[in-house]
>>> print(open('structure-v6.txt').read())   # compact mmCIF, C-alpha atoms and all ligand atoms
# COMPACT_ATOMS: atom_id res chain seq x y z
CA MET T 1 102.19 129.64 81.23
CA ALA T 2 100.04 127.07 79.57
CA ARG T 3 101.19 123.53 80.02
CA ARG T 4 100.84 121.20 77.06
CA ARG T 5 98.43 118.34 77.69
CA ILE T 6 99.91 114.83 77.69
CA ILE T 7 97.78 111.74 77.24
CA ALA T 8 99.75 108.52 77.63
CA GLY T 9 98.61 104.94 77.26
CA ASN T 10 100.09 102.39 79.62
CA TRP T 11 99.55 99.15 77.76
CA LYS T 12 100.93 97.03 80.63
CA MET T 13 101.38 93.33 79.76
CA ASN T 14 98.89 93.38 76.93
CA MET T 15 99.29 93.13 73.16
CA THR T 16 101.55 90.73 71.29
CA PRO T 17 103.66 92.46 68.61
CA SER T 18 101.08 91.83 65.89
CA GLN T 19 98.21 92.95 68.15
CA ALA T 20 100.21 96.06 69.02
CA VAL T 21 100.59 97.06 65.38
CA GLU T 22 96.91 96.40 64.80
CA LEU T 23 96.00 98.66 67.74
CA VAL T 24 98.26 101.46 66.46
CA ASN T 25 96.52 101.26 63.10
CA THR T 26 93.04 101.20 64.67
CA LEU T 27 93.83 104.32 66.72
CA LYS T 28 95.81 106.20 64.07
CA ASP T 29 93.09 108.61 62.89
CA LEU T 30 91.39 108.83 66.30
CA VAL T 31 94.34 110.22 68.27
CA VAL T 32 95.18 113.19 66.06
CA ASN T 33 95.21 116.38 68.13
CA PRO T 34 97.85 119.05 67.51
CA ASP T 35 97.44 120.44 71.03
CA VAL T 36 98.17 117.20 72.86
CA ASP T 37 101.26 115.03 73.34
CA VAL T 38 100.09 111.48 72.67
CA VAL T 39 102.30 108.69 74.00
CA TYR T 40 102.08 104.91 73.83
CA CYS T 41 104.03 103.19 76.61
CA VAL T 42 104.29 99.63 75.37
CA PRO T 43 105.79 96.28 76.44
CA ALA T 44 109.50 95.96 75.56
CA ILE T 45 108.89 93.41 72.85
CA ASP T 46 106.42 95.72 71.10
CA ILE T 47 108.76 98.73 71.00
CA VAL T 48 110.36 98.01 67.63
CA PRO T 49 107.17 97.18 65.70
CA VAL T 50 105.27 100.06 67.32
CA ALA T 51 108.11 102.49 66.49
CA GLU T 52 107.71 101.47 62.87
CA ALA T 53 103.90 101.63 62.96
CA ILE T 54 103.74 105.17 64.41
CA LYS T 55 106.17 106.64 61.86
CA GLY T 56 104.67 109.74 60.27
CA THR T 57 101.99 110.08 62.98
CA ASN T 58 101.73 112.42 65.99
CA VAL T 59 102.24 109.55 68.44
CA GLN T 60 105.39 109.36 70.57
CA LEU T 61 106.88 106.22 72.03
CA GLY T 62 107.28 105.29 75.68
CA ALA T 63 108.49 102.24 77.57
CA GLU T 64 107.12 100.66 80.74
CA ASN T 65 110.38 99.75 82.47
CA PHE T 66 114.17 99.77 82.26
CA TYR T 67 117.20 99.20 84.46
CA ILE T 68 119.70 101.79 85.68
CA GLU T 69 122.85 100.30 84.12
CA ASP T 70 123.79 100.76 80.47
CA LYS T 71 124.85 97.15 79.92
CA GLY T 72 126.13 94.03 81.61
CA ALA T 73 125.06 90.98 83.55
CA PHE T 74 121.45 91.89 84.36
CA THR T 75 119.44 88.99 83.02
CA GLY T 76 116.01 89.96 81.81
CA GLU T 77 116.55 93.71 81.90
CA ILE T 78 116.71 96.38 79.21
CA SER T 79 118.77 99.57 79.30
CA ALA T 80 118.23 103.23 78.48
CA PRO T 81 120.58 103.11 75.45
CA MET T 82 118.55 100.18 74.07
CA LEU T 83 115.34 102.17 74.45
CA LYS T 84 116.86 105.33 73.00
CA GLU T 85 118.10 103.55 69.90
CA CYS T 86 114.56 102.34 69.23
CA GLY T 87 113.08 105.83 69.42
CA VAL T 88 111.70 105.72 72.96
CA LYS T 89 111.17 109.18 74.52
CA TYR T 90 109.17 108.54 77.69
CA ILE T 91 109.63 106.00 80.45
CA ILE T 92 107.16 105.05 83.17
CA ILE T 93 108.90 104.89 86.56
CA GLY T 94 107.48 103.99 89.96
CA HIS T 95 104.16 102.53 88.82
CA SER T 96 102.35 100.94 91.75
CA GLU T 97 102.45 97.57 89.98
CA ARG T 98 106.27 97.77 89.84
CA ARG T 99 106.35 98.90 93.47
CA ASP T 100 103.93 96.30 94.81
CA ILE T 101 104.40 93.24 92.59
CA PHE T 102 108.10 93.63 91.74
CA GLY T 103 109.28 95.20 94.96
CA GLU T 104 110.73 98.42 93.55
CA ASN T 105 111.43 100.89 96.33
CA ASP T 106 111.96 104.64 96.33
CA ILE T 107 115.75 104.26 96.32
CA LEU T 108 115.66 102.39 93.01
CA ILE T 109 112.92 104.64 91.66
CA ASN T 110 115.05 107.70 92.44
CA GLN T 111 118.03 106.08 90.66
CA LYS T 112 115.81 105.35 87.67
CA VAL T 113 114.58 108.96 87.49
CA LYS T 114 118.15 110.27 87.52
CA LYS T 115 119.31 107.67 85.00
CA ALA T 116 116.40 108.46 82.67
CA PHE T 117 117.27 112.16 82.63
CA ALA T 118 120.98 111.42 82.18
CA SER T 119 120.04 109.25 79.19
CA GLY T 120 117.70 111.72 77.53
CA LEU T 121 114.49 109.90 78.45
CA THR T 122 111.58 111.76 80.05
CA PRO T 123 110.25 110.02 83.16
CA ILE T 124 106.56 109.63 83.82
CA LEU T 125 106.96 109.30 87.58
CA CYS T 126 103.99 107.59 89.26
CA CYS T 127 102.85 108.12 92.82
CA GLY T 128 99.68 107.35 94.71
CA GLU T 129 98.15 105.88 97.81
CA SER T 130 96.50 102.59 98.73
CA LEU T 131 92.89 102.39 99.84
CA ALA T 132 94.06 101.94 103.44
CA LEU T 133 96.01 105.20 103.33
CA ARG T 134 93.11 106.98 101.66
CA LYS T 135 90.78 105.77 104.44
CA ALA T 136 93.29 106.65 107.15
CA GLY T 137 93.46 110.17 105.76
CA THR T 138 97.26 110.10 105.58
CA TYR T 139 97.52 109.97 101.78
CA THR T 140 98.78 113.54 101.42
CA GLU T 141 101.83 112.91 103.60
CA TRP T 142 102.47 109.60 101.84
CA ILE T 143 102.48 111.11 98.35
CA LYS T 144 104.58 114.06 99.48
CA ARG T 145 107.13 111.64 100.85
CA GLN T 146 107.15 109.58 97.64
CA ILE T 147 107.77 112.69 95.53
CA THR T 148 110.48 113.99 97.87
CA TRP T 149 112.34 110.67 97.90
CA ASP T 150 111.93 109.97 94.20
CA LEU T 151 113.25 113.40 93.19
CA THR T 152 116.27 113.52 95.52
CA GLY T 153 119.19 114.97 93.56
CA VAL T 154 117.04 115.83 90.53
CA THR T 155 117.55 119.42 89.33
CA ALA T 156 114.89 122.08 88.81
CA ASP T 157 115.59 122.15 85.07
CA GLN T 158 114.97 118.40 84.94
CA VAL T 159 111.76 118.66 86.94
CA LYS T 160 110.49 121.24 84.45
CA GLU T 161 110.59 118.44 81.84
CA LEU T 162 109.19 115.79 84.17
CA VAL T 163 105.73 114.24 84.03
CA ILE T 164 104.22 113.12 87.34
CA ALA T 165 101.27 110.73 87.29
CA TYR T 166 99.01 110.69 90.33
CA GLU T 167 97.48 107.22 90.42
CA PRO T 168 95.46 106.26 93.48
CA ILE T 169 95.98 102.50 93.70
CA TRP T 170 92.34 101.93 94.61
CA ALA T 171 91.32 103.42 91.27
CA ILE T 172 93.68 101.46 89.01
CA GLY T 173 91.90 98.90 86.88
CA THR T 174 88.98 98.83 89.30
CA GLY T 175 86.53 100.93 87.36
CA GLU T 176 86.42 103.18 90.40
CA THR T 177 87.72 106.63 89.47
CA ALA T 178 88.70 109.33 91.88
CA THR T 179 86.23 112.15 91.51
CA ALA T 180 87.56 115.13 89.61
CA ASP T 181 87.72 117.05 92.90
CA GLN T 182 89.63 114.27 94.68
CA ALA T 183 92.11 114.06 91.78
CA GLU T 184 92.52 117.82 91.62
CA GLU T 185 93.12 118.05 95.37
CA VAL T 186 96.10 115.71 95.14
CA CYS T 187 97.47 117.09 91.85
CA LYS T 188 97.38 120.58 93.36
CA MET T 189 99.17 119.30 96.46
CA ILE T 190 101.83 117.68 94.24
CA ARG T 191 102.40 121.00 92.47
CA GLU T 192 102.70 122.77 95.84
CA THR T 193 105.21 120.14 96.93
CA ILE T 194 107.30 120.86 93.82
CA ALA T 195 107.12 124.57 94.65
CA GLU T 196 108.41 123.83 98.16
CA LEU T 197 111.18 121.52 96.97
CA TYR T 198 112.17 123.77 94.04
CA ASP T 199 110.50 127.06 93.13
CA ALA T 200 107.32 128.51 91.66
CA ALA T 201 108.54 128.41 88.04
CA THR T 202 109.38 124.71 88.31
CA ALA T 203 106.00 123.95 89.90
CA GLU T 204 104.29 125.87 87.11
CA ALA T 205 106.15 123.91 84.42
CA VAL T 206 105.89 120.32 85.68
CA ARG T 207 103.11 118.36 84.02
CA ILE T 208 100.85 116.30 86.28
CA GLN T 209 98.61 113.51 85.03
CA TYR T 210 95.77 111.68 86.68
CA GLY T 211 95.61 107.91 86.22
CA GLY T 212 93.14 105.29 87.47
CA SER T 213 90.16 104.16 85.41
CA MET T 214 90.21 107.27 83.27
CA ASN T 215 87.90 106.66 80.34
CA ALA T 216 85.99 108.30 77.50
CA GLY T 217 83.17 109.19 79.89
CA ASN T 218 85.10 110.87 82.72
CA ALA T 219 88.18 112.29 80.94
CA ALA T 220 86.77 115.71 80.09
CA GLU T 221 85.79 116.50 83.67
CA LEU T 222 89.15 115.37 85.07
CA LEU T 223 91.16 117.19 82.39
CA ALA T 224 89.24 120.42 82.96
CA LYS T 225 90.83 120.79 86.38
CA ASP T 226 93.54 123.44 86.80
CA ASN T 227 96.26 121.09 88.00
CA ILE T 228 95.51 118.04 85.83
CA ASP T 229 97.56 118.28 82.64
CA GLY T 230 96.84 114.88 81.21
CA GLY T 231 96.17 111.24 81.86
CA LEU T 232 97.98 107.92 82.20
CA ILE T 233 95.52 105.42 80.87
CA GLY T 234 95.56 101.64 81.23
CA GLY T 235 92.47 99.70 80.16
CA ALA T 236 90.94 102.41 78.00
CA ALA T 237 94.21 102.86 76.08
CA LEU T 238 93.62 99.51 74.38
CA LYS T 239 90.35 100.61 72.80
CA PRO T 240 89.10 103.26 70.37
CA ASP T 241 87.97 105.11 73.54
CA PHE T 242 91.57 106.30 73.80
CA GLY T 243 90.89 108.62 70.87
CA GLN T 244 88.02 110.21 72.79
CA ILE T 245 90.30 110.80 75.77
CA VAL T 246 92.92 112.44 73.53
CA ASN T 247 90.21 114.73 72.20
CA ALA T 248 88.30 115.26 75.46
P1 LIG T 301 93.69 101.94 84.43
O1 LIG T 301 95.29 101.92 84.65
O2 LIG T 301 93.40 103.08 83.49
O3 LIG T 301 93.40 100.61 83.78
O4 LIG T 301 93.06 102.11 85.75
C1 LIG T 301 96.00 103.12 84.82
C2 LIG T 301 97.44 102.81 85.12
O5 LIG T 301 97.71 101.87 85.89
O6 LIG T 301 98.34 103.49 84.62
>>> encode(input="structure-v6.txt", output="structure tokens", more="lines below")
Ligand code: PGA
Amino acid sequence: MARRRIIAGNWKMNMTPSQAVELVNTLKDLVVNPDVDVVYCVPAIDIVPVAEAIKGTNVQLGAENFYIEDKGAFTGEISAPMLKECGVKYIIIGHSERRDIFGENDILINQKVKKAFASGLTPILCCGESLALRKAGTYTEWIKRQITWDLTGVTADQVKELVIAYEPIWAIGTGETATADQAEEVCKMIRETIAELYDAATAEAVRIQYGGSMNAGNAAELLAKDNIDGGLIGGAALKPDFGQIVNA
């Protein structure tokens, strides 16, 4: 079964609302590819203007964060129903910046994955190791454990819709990319982990992205790998280069 490629931009804390609309317009003709799901995961305040700006295009909308309750006294947070009403389809969960800077642990990340599915949002679940773990050679166990914890109680049918992003922390925003072979090794291991936790059909269906300094120059080689079904792109998603990645 051929998996559909998914190229998602993670804009992080960049782009004011007017800059966001300008970027959508700059990229509009560059990101057209009928064989690829193209997603912009944007800051909360950009969601409404970006939803308007992508109308009539092939681009789908994603968010970078949400909280697990529908409403209530959670100052500063936004909920799944709020995102849904604005046309959001994808939600990044478990990004290393949320884990490391904002202290999100695997218990919360697991709750977010389940809440996203219950709300009709598709999680882009991030995992990945630090440089220390890479050097220690224990990164495989680490990532396996992240996936196992983060998917506790998630059904096989849900995992078939899931997107997993493998993002080695040492490659994020550093300009240092994992080699295509290094990325493929881990993405293959993630698929095998899904096969162990679920079954072969679920492992075959789940889409796995690579993320970490993916750019116009290295995208084609990474995306050619058997187990890499797309990319989660930070820095290069804010430039016309993103169009080259979509069409790599
Ligand atoms: P980068 O970010 O492409 O700037 O390395 C990727 C990410 O953090 O999702």
>>> closest_residue(input="structure-v6.txt", among="T:Gln60, T:Ser213, T:Asn227, T:Gln244", to="ligand LIG 301 (chain T)", atoms="only C-alpha atoms and all ligand atoms")
T:Ser213
>>> closest_atom_pairs(input="structure-v6.txt", of="stretch 59-83 of chain T", to="stretch 119-139 of chain T", cutoff="9 Å", atoms="all atoms listed in the file", output="tab-separated table")
residue	atom	partner	partner_atom	distance
T:Gly62	CA	T:Thr122	CA	8.9
T:Ala80	CA	T:Ser119	CA	6.3
T:Pro81	CA	T:Ser119	CA	7.2
T:Leu83	CA	T:Leu121	CA	8.7
>>> residues_around(input="structure-v6.txt", residues="T:Asp35", least_positions_apart="4", cutoff="12 Å", atoms="only C-alpha atoms", output="list in words")
Ala2, Arg3, Arg4, Arg5, Ile6, Ile7, Val31, Asn58, Asp229, Gly230, Val246, Asn247 and Ala248 of chain T
>>> atom_distance(input="structure-v6.txt", atom1="atom CA of T:Lys239", atom2="atom CA of T:Val24")
10.2 Å
>>> closest_residue(input="structure-v6.txt", among="T:Pro168, T:Gly56, T:Ala203, T:Gly234", to="T:Met13", atoms="only C-alpha atoms")
T:Gly234
>>> closest_residue(input="structure-v6.txt", among="T:Tyr90, T:Phe74, T:Phe102, T:Tyr166", to="ligand LIG 301 (chain T)", atoms="only C-alpha atoms and all ligand atoms")
T:Tyr166
>>> residues_around(input="structure-v6.txt", residues="stretch 145-148 of chain T", least_positions_apart="4", cutoff="12 Å", atoms="only C-alpha atoms", output="PDB file with C-alpha atoms, in the coordinates of the input")
ATOM      1  CA  ILE T  93     108.900 104.890  86.560  1.00  0.00           C
ATOM      2  CA  GLY T  94     107.480 103.990  89.960  1.00  0.00           C
ATOM      3  CA  HIS T  95     104.160 102.530  88.820  1.00  0.00           C
ATOM      4  CA  SER T  96     102.350 100.940  91.750  1.00  0.00           C
ATOM      5  CA  ARG T  99     106.350  98.900  93.470  1.00  0.00           C
ATOM      6  CA  ASN T 105     111.430 100.890  96.330  1.00  0.00           C
ATOM      7  CA  ASP T 106     111.960 104.640  96.330  1.00  0.00           C
ATOM      8  CA  ILE T 107     115.750 104.260  96.320  1.00  0.00           C
ATOM      9  CA  ILE T 109     112.920 104.640  91.660  1.00  0.00           C
ATOM     10  CA  ASN T 110     115.050 107.700  92.440  1.00  0.00           C
ATOM     11  CA  VAL T 113     114.580 108.960  87.490  1.00  0.00           C
ATOM     12  CA  LEU T 125     106.960 109.300  87.580  1.00  0.00           C
ATOM     13  CA  CYS T 126     103.990 107.590  89.260  1.00  0.00           C
ATOM     14  CA  CYS T 127     102.850 108.120  92.820  1.00  0.00           C
ATOM     15  CA  GLY T 128      99.680 107.350  94.710  1.00  0.00           C
ATOM     16  CA  GLU T 129      98.150 105.880  97.810  1.00  0.00           C
ATOM     17  CA  THR T 138      97.260 110.100 105.580  1.00  0.00           C
ATOM     18  CA  TYR T 139      97.520 109.970 101.780  1.00  0.00           C
ATOM     19  CA  THR T 140      98.780 113.540 101.420  1.00  0.00           C
ATOM     20  CA  GLU T 141     101.830 112.910 103.600  1.00  0.00           C
ATOM     21  CA  THR T 152     116.270 113.520  95.520  1.00  0.00           C
ATOM     22  CA  GLY T 153     119.190 114.970  93.560  1.00  0.00           C
ATOM     23  CA  VAL T 154     117.040 115.830  90.530  1.00  0.00           C
ATOM     24  CA  VAL T 159     111.760 118.660  86.940  1.00  0.00           C
ATOM     25  CA  LEU T 162     109.190 115.790  84.170  1.00  0.00           C
ATOM     26  CA  VAL T 163     105.730 114.240  84.030  1.00  0.00           C
ATOM     27  CA  ILE T 164     104.220 113.120  87.340  1.00  0.00           C
ATOM     28  CA  ALA T 165     101.270 110.730  87.290  1.00  0.00           C
ATOM     29  CA  TYR T 166      99.010 110.690  90.330  1.00  0.00           C
ATOM     30  CA  CYS T 187      97.470 117.090  91.850  1.00  0.00           C
ATOM     31  CA  MET T 189      99.170 119.300  96.460  1.00  0.00           C
ATOM     32  CA  ILE T 190     101.830 117.680  94.240  1.00  0.00           C
ATOM     33  CA  ARG T 191     102.400 121.000  92.470  1.00  0.00           C
ATOM     34  CA  GLU T 192     102.700 122.770  95.840  1.00  0.00           C
ATOM     35  CA  THR T 193     105.210 120.140  96.930  1.00  0.00           C
ATOM     36  CA  ILE T 194     107.300 120.860  93.820  1.00  0.00           C
ATOM     37  CA  ALA T 195     107.120 124.570  94.650  1.00  0.00           C
ATOM     38  CA  GLU T 196     108.410 123.830  98.160  1.00  0.00           C
ATOM     39  CA  LEU T 197     111.180 121.520  96.970  1.00  0.00           C
ATOM     40  CA  TYR T 198     112.170 123.770  94.040  1.00  0.00           C
TER      41      TYR T 198
END
>>> closest_atom_pairs(input="structure-v6.txt", of="chain T", to="ligand LIG 301 (chain T)", cutoff="9 Å", atoms="all atoms listed in the file", output="CSV")
residue,atom,partner,partner_atom,distance
T:Ala8,CA,T:LIG301,O6,8.7
T:Gly9,CA,T:LIG301,O6,7.5
T:Asn10,CA,T:LIG301,O6,5.4
T:Trp11,CA,T:LIG301,O6,8.2
T:Lys12,CA,T:LIG301,O5,7.8
T:His95,CA,T:LIG301,O5,7.1
T:Ser96,CA,T:LIG301,O5,7.5
T:Glu97,CA,T:LIG301,O5,7.6
T:Cys126,CA,T:LIG301,O6,8.4
T:Ala165,CA,T:LIG301,O6,8.3
T:Glu167,CA,T:LIG301,C2,6.9
T:Ile169,CA,T:LIG301,O5,8.0
T:Trp170,CA,T:LIG301,O4,8.9
T:Ala171,CA,T:LIG301,O4,5.9
T:Ile172,CA,T:LIG301,O4,3.4
T:Gly173,CA,T:LIG301,O4,3.6
T:Thr174,CA,T:LIG301,O4,6.3
T:Gly175,CA,T:LIG301,O4,6.8
T:Glu176,CA,T:LIG301,O4,8.2
T:Thr177,CA,T:LIG301,O4,7.9
T:Tyr210,CA,T:LIG301,C1,8.8
T:Gly211,CA,T:LIG301,C1,5.0
T:Gly212,CA,T:LIG301,O4,3.6
T:Ser213,CA,T:LIG301,O4,3.6
T:Met214,CA,T:LIG301,O2,5.3
T:Asn215,CA,T:LIG301,O2,7.3
T:Gly231,CA,T:LIG301,O6,8.5
T:Leu232,CA,T:LIG301,O6,5.1
T:Ile233,CA,T:LIG301,O2,4.1
T:Gly234,CA,T:LIG301,O2,3.4
T:Gly235,CA,T:LIG301,O3,3.8
T:Ala236,CA,T:LIG301,O2,6.1
T:Ala237,CA,T:LIG301,O2,7.5
>>> write_last_selection(input="structure-v6.txt", atoms="C-alpha atoms", output="PDB file, in the frame of the given file")
ATOM      1  CA  ALA T   8      99.750 108.520  77.630  1.00  0.00           C
ATOM      2  CA  GLY T   9      98.610 104.940  77.260  1.00  0.00           C
ATOM      3  CA  ASN T  10     100.090 102.390  79.620  1.00  0.00           C
ATOM      4  CA  TRP T  11      99.550  99.150  77.760  1.00  0.00           C
ATOM      5  CA  LYS T  12     100.930  97.030  80.630  1.00  0.00           C
ATOM      6  CA  HIS T  95     104.160 102.530  88.820  1.00  0.00           C
ATOM      7  CA  SER T  96     102.350 100.940  91.750  1.00  0.00           C
ATOM      8  CA  GLU T  97     102.450  97.570  89.980  1.00  0.00           C
ATOM      9  CA  CYS T 126     103.990 107.590  89.260  1.00  0.00           C
ATOM     10  CA  ALA T 165     101.270 110.730  87.290  1.00  0.00           C
ATOM     11  CA  GLU T 167      97.480 107.220  90.420  1.00  0.00           C
ATOM     12  CA  ILE T 169      95.980 102.500  93.700  1.00  0.00           C
ATOM     13  CA  TRP T 170      92.340 101.930  94.610  1.00  0.00           C
ATOM     14  CA  ALA T 171      91.320 103.420  91.270  1.00  0.00           C
ATOM     15  CA  ILE T 172      93.680 101.460  89.010  1.00  0.00           C
ATOM     16  CA  GLY T 173      91.900  98.900  86.880  1.00  0.00           C
ATOM     17  CA  THR T 174      88.980  98.830  89.300  1.00  0.00           C
ATOM     18  CA  GLY T 175      86.530 100.930  87.360  1.00  0.00           C
ATOM     19  CA  GLU T 176      86.420 103.180  90.400  1.00  0.00           C
ATOM     20  CA  THR T 177      87.720 106.630  89.470  1.00  0.00           C
ATOM     21  CA  TYR T 210      95.770 111.680  86.680  1.00  0.00           C
ATOM     22  CA  GLY T 211      95.610 107.910  86.220  1.00  0.00           C
ATOM     23  CA  GLY T 212      93.140 105.290  87.470  1.00  0.00           C
ATOM     24  CA  SER T 213      90.160 104.160  85.410  1.00  0.00           C
ATOM     25  CA  MET T 214      90.210 107.270  83.270  1.00  0.00           C
ATOM     26  CA  ASN T 215      87.900 106.660  80.340  1.00  0.00           C
ATOM     27  CA  GLY T 231      96.170 111.240  81.860  1.00  0.00           C
ATOM     28  CA  LEU T 232      97.980 107.920  82.200  1.00  0.00           C
ATOM     29  CA  ILE T 233      95.520 105.420  80.870  1.00  0.00           C
ATOM     30  CA  GLY T 234      95.560 101.640  81.230  1.00  0.00           C
ATOM     31  CA  GLY T 235      92.470  99.700  80.160  1.00  0.00           C
ATOM     32  CA  ALA T 236      90.940 102.410  78.000  1.00  0.00           C
ATOM     33  CA  ALA T 237      94.210 102.860  76.080  1.00  0.00           C
TER      34      ALA T 237
END
>>> closest_residue(input="structure-v6.txt", among="T:Pro34, T:Asp241, T:Ala53, T:Asp150", to="T:Pro17", atoms="only C-alpha atoms")
T:Ala53
>>> atom_distance(input="structure-v6.txt", atom1="atom CA of T:Met82", atom2="atom CA of T:Ala118")
14.1 Å
>>> atom_distance(input="structure-v6.txt", atom1="atom CA of T:Ile47", atom2="atom CA of T:Thr26")
17.1 Å
>>> closest_residue(input="structure-v6.txt", among="T:Ile228, T:Ala63, T:Ala44, T:Val88", to="T:Gly76", atoms="only C-alpha atoms")
T:Ala44
>>> closest_residue(input="structure-v6.txt", among="T:Pro43, T:Gly72, T:Pro240, T:Pro49", to="T:Cys86", atoms="all atoms listed in the file")
T:Pro49
>>> axis_aligned_box(input="structure-v6.txt", around="stretch 116-120 of chain T", padding_each_side="5 Å", output="JSON")
{"center_x": 118.7, "center_y": 110.3, "center_z": 80.1, "size_x": 14.6, "size_y": 13.7, "size_z": 15.1}
>>> residues_around(input="structure-v6.txt", residues="T:Glu221", least_positions_apart="5", cutoff="10 Å", atoms="all atoms listed in the file", output="PDB file with C-alpha atoms, in the frame of the given file")
ATOM      1  CA  THR T 179      86.230 112.150  91.510  1.00  0.00           C
ATOM      2  CA  ALA T 180      87.560 115.130  89.610  1.00  0.00           C
ATOM      3  CA  ASP T 181      87.720 117.050  92.900  1.00  0.00           C
ATOM      4  CA  ALA T 248      88.300 115.260  75.460  1.00  0.00           C
TER       5      ALA T 248
END
